[in-house]
Amino acid sequence: MKRLFLLLILSTQIHARVDEMPVRAQGEKLPRKTFEKIINLFETTFSPLSRANNRELVFMTDYESDWIQAFARRWEEDQVIVYGGAAAVTNGSEDTFALILCHETGHLFGGRPWGEDFNKLSVEGQADYWAASECFRKILPGLSVRQASASSMTLCKSESMCARSVDAFLALTAQFADNRSLPHPKLETPDETVVSTLQFTHPSPQCRLDTMMAGLRNLPRPLCWFLP
């Protein structure tokens, strides 16, 4: 993990981010030690995917910043750039922070559809789908144990990994909705939009929740962003 200078964060060559409308965090920030522990967990877990392509995975961080934002890009290295505000999502937790990192890691390793063939960064919806279907379940055992909400435990028939995933999905997509002054996404109100072309940019917060739930359940990617 490398410390990050603001000038580097603001580089125009950043290609993929967790949300198009970053805001300053309002929630309680995770302690620095916890922040760094989770970053190190991601580096250990996913570095082999970069090394398989003769590259290195590097997380660059600015814990002191309060912006809820993170980026992924490919330069000489596979890079994930993380602001400290990503660890202070409203009603967030270690799980929510890990889900943000899963999304960014998903840009690097989530596969097609890509935004651009030359850098092979997954589009936003695919990064969400991979975060839920592949990444979060790998990372969860390394996070602190926490009790999922009663409603998510009921939905998931008392399966903890599923319930904690749902709680994280709801908290993070609620933050995305707050960023845009939109209603919070709900499990019972899926986005019924059907796109005519693949959406490269961030889907609506509701569509993002639908995408994460589809990834968790190993269902097809939602048509609110994906074109089969």
# chains A, B, ... in the order shown; residues from 1 in each chain; ligands from 1
>>> select_by_dssp(residues="region 31-167 of chain A", states="strand (DSSP E)", output="PyMOL selection string")
chain A and resi 57-62+70-74+78-83
>>> residues_around(residues="Thr105 (chain A)", least_positions_apart="3", cutoff="10 Å", atoms="only C-alpha atoms", output="list in words")
Phe42, Glu43, Phe46, Leu57, Phe59, Phe71, Ala72, Arg73, Asp78, Gln79, Val80, Leu99, Ile100, Leu101, Cys102, Leu108, Phe109, Gly110, Leu121, Ser122, Ala127, Asp128, Trp130, Ala131 and Cys135 of chain A
>>> write_last_selection(atoms="C-alpha atoms", output="CSV table (one decimal), in the first residue's frame")
chain,number,residue,atom,x,y,z
A,42,PHE,CA,-7.3,-7.0,-0.8
A,43,GLU,CA,-3.7,-6.8,-1.9
A,46,PHE,CA,-6.0,-10.3,-5.5
A,57,LEU,CA,-1.5,-4.8,-7.9
A,59,PHE,CA,-3.5,0.2,-3.6
A,71,PHE,CA,-10.7,4.7,-8.6
A,72,ALA,CA,-9.2,1.9,-10.6
A,73,ARG,CA,-6.8,2.2,-13.5
A,78,ASP,CA,-2.9,-2.4,-11.7
A,79,GLN,CA,-3.9,0.5,-9.4
A,80,VAL,CA,-6.7,1.1,-7.0
A,99,LEU,CA,-17.8,-3.7,-1.1
A,100,ILE,CA,-16.4,-0.4,-2.5
A,101,LEU,CA,-13.0,-2.0,-2.9
A,102,CYS,CA,-14.6,-5.0,-4.5
A,108,LEU,CA,-9.6,-4.7,-13.0
A,109,PHE,CA,-10.6,-8.3,-12.8
A,110,GLY,CA,-14.4,-8.4,-13.6
A,121,LEU,CA,-11.4,-2.3,-17.5
A,122,SER,CA,-14.9,-3.7,-16.8
A,127,ALA,CA,-17.7,-4.2,-11.7
A,128,ASP,CA,-20.8,-4.3,-9.4
A,130,TRP,CA,-18.3,-9.2,-10.0
A,131,ALA,CA,-18.1,-7.4,-6.6
A,135,CYS,CA,-15.1,-10.6,-4.6
>>> residues_around(residues="Glu77 (chain A)", least_positions_apart="6", cutoff="12 Å", atoms="only C-alpha atoms", output="compact mmCIF listing (two decimals) with C-alpha atoms, in the first residue's frame")
# COMPACT_ATOMS: atom_id res chain seq x y z
CA SER A 47 -2.33 -9.73 -6.24
CA SER A 50 -2.21 -9.29 -11.50
CA ARG A 51 0.93 -11.40 -11.25
CA ASN A 53 -0.40 -11.19 -16.24
CA ASN A 54 3.12 -10.11 -15.19
CA ARG A 55 1.79 -7.03 -13.44
CA GLU A 56 1.56 -5.78 -9.86
CA LEU A 57 -1.54 -4.77 -7.92
CA VAL A 58 -1.03 -1.58 -5.90
CA PHE A 59 -3.47 0.21 -3.60
CA MET A 60 -2.76 3.92 -3.18
CA LEU A 108 -9.56 -4.68 -13.01
CA ASN A 119 -7.06 -1.37 -20.94
>>> residues_around(residues="Ala132 (chain A)", least_positions_apart="3", cutoff="12 Å", atoms="only C-alpha atoms", output="ChimeraX atom specification")
/A:95-96,98-106,110,125-129,135-140,161-162,164-166,168-169,208-219,221
>>> write_last_selection(atoms="C-alpha atoms", output="compact mmCIF listing (two decimals), in the first residue's frame")
# COMPACT_ATOMS: atom_id res chain seq x y z
CA ASP A 95 -18.46 -4.67 4.95
CA THR A 96 -19.48 -1.50 3.10
CA ALA A 98 -14.93 -3.80 1.44
CA LEU A 99 -17.77 -3.65 -1.09
CA ILE A 100 -16.41 -0.36 -2.45
CA LEU A 101 -12.99 -1.98 -2.85
CA CYS A 102 -14.64 -5.00 -4.47
CA HIS A 103 -16.24 -2.71 -7.04
CA GLU A 104 -12.89 -1.10 -7.85
CA THR A 105 -11.11 -4.44 -7.99
CA GLY A 106 -13.95 -5.56 -10.25
CA GLY A 110 -14.37 -8.45 -13.56
CA GLY A 125 -22.35 -2.60 -14.02
CA GLN A 126 -19.95 -5.50 -14.52
CA ALA A 127 -17.75 -4.22 -11.68
CA ASP A 128 -20.81 -4.26 -9.40
CA TYR A 129 -21.79 -7.74 -10.58
CA CYS A 135 -15.14 -10.64 -4.56
CA PHE A 136 -17.21 -10.07 -1.45
CA ARG A 137 -17.55 -13.74 -0.55
CA LYS A 138 -13.76 -14.13 -0.80
CA ILE A 139 -13.07 -11.10 1.39
CA LEU A 140 -15.79 -11.58 4.03
CA MET A 161 -22.68 -14.32 4.24
CA CYS A 162 -25.81 -13.62 2.21
CA ARG A 164 -24.19 -9.33 5.41
CA SER A 165 -23.92 -8.93 1.65
CA VAL A 166 -27.48 -7.61 1.42
CA ALA A 168 -23.76 -3.83 2.54
CA PHE A 169 -25.55 -3.56 -0.81
CA ARG A 208 -26.91 -1.11 -9.02
CA LEU A 209 -28.72 -2.77 -6.12
CA ASP A 210 -30.46 -5.10 -8.58
CA THR A 211 -27.10 -5.94 -10.14
CA MET A 212 -25.49 -6.77 -6.81
CA MET A 213 -28.42 -8.95 -5.82
CA ALA A 214 -28.22 -10.76 -9.16
CA GLY A 215 -24.51 -11.37 -8.60
CA LEU A 216 -25.14 -12.69 -5.11
CA ARG A 217 -27.81 -15.08 -6.41
CA ASN A 218 -25.88 -16.07 -9.57
CA LEU A 219 -28.69 -14.70 -11.75
CA ARG A 221 -27.12 -9.45 -15.24
>>> closest_atom_pairs(of="region 49-81 of chain A", to="region 25-32 of chain A", cutoff="12 Å", atoms="only C-alpha atoms", output="Markdown table")
| residue | atom | partner | partner_atom | distance |
| --- | --- | --- | --- | --- |
| A:Thr61 | CA | A:Arg32 | CA | 11.0 |
| A:Asp62 | CA | A:Arg32 | CA | 10.5 |
| A:Tyr63 | CA | A:Arg32 | CA | 7.1 |
| A:Glu64 | CA | A:Arg32 | CA | 9.1 |
| A:Ser65 | CA | A:Ala25 | CA | 9.3 |
| A:Asp66 | CA | A:Ala25 | CA | 5.5 |
| A:Trp67 | CA | A:Ala25 | CA | 6.0 |
| A:Ile68 | CA | A:Ala25 | CA | 5.7 |
| A:Gln69 | CA | A:Ala25 | CA | 9.5 |
>>> atom_distance(atom1="CA of Cys207 (chain A)", atom2="CA of Asp191 (chain A)")
5.4 Å
>>> atom_distance(atom1="CA of Leu198 (chain A)", atom2="CA of Phe226 (chain A)")
5.4 Å
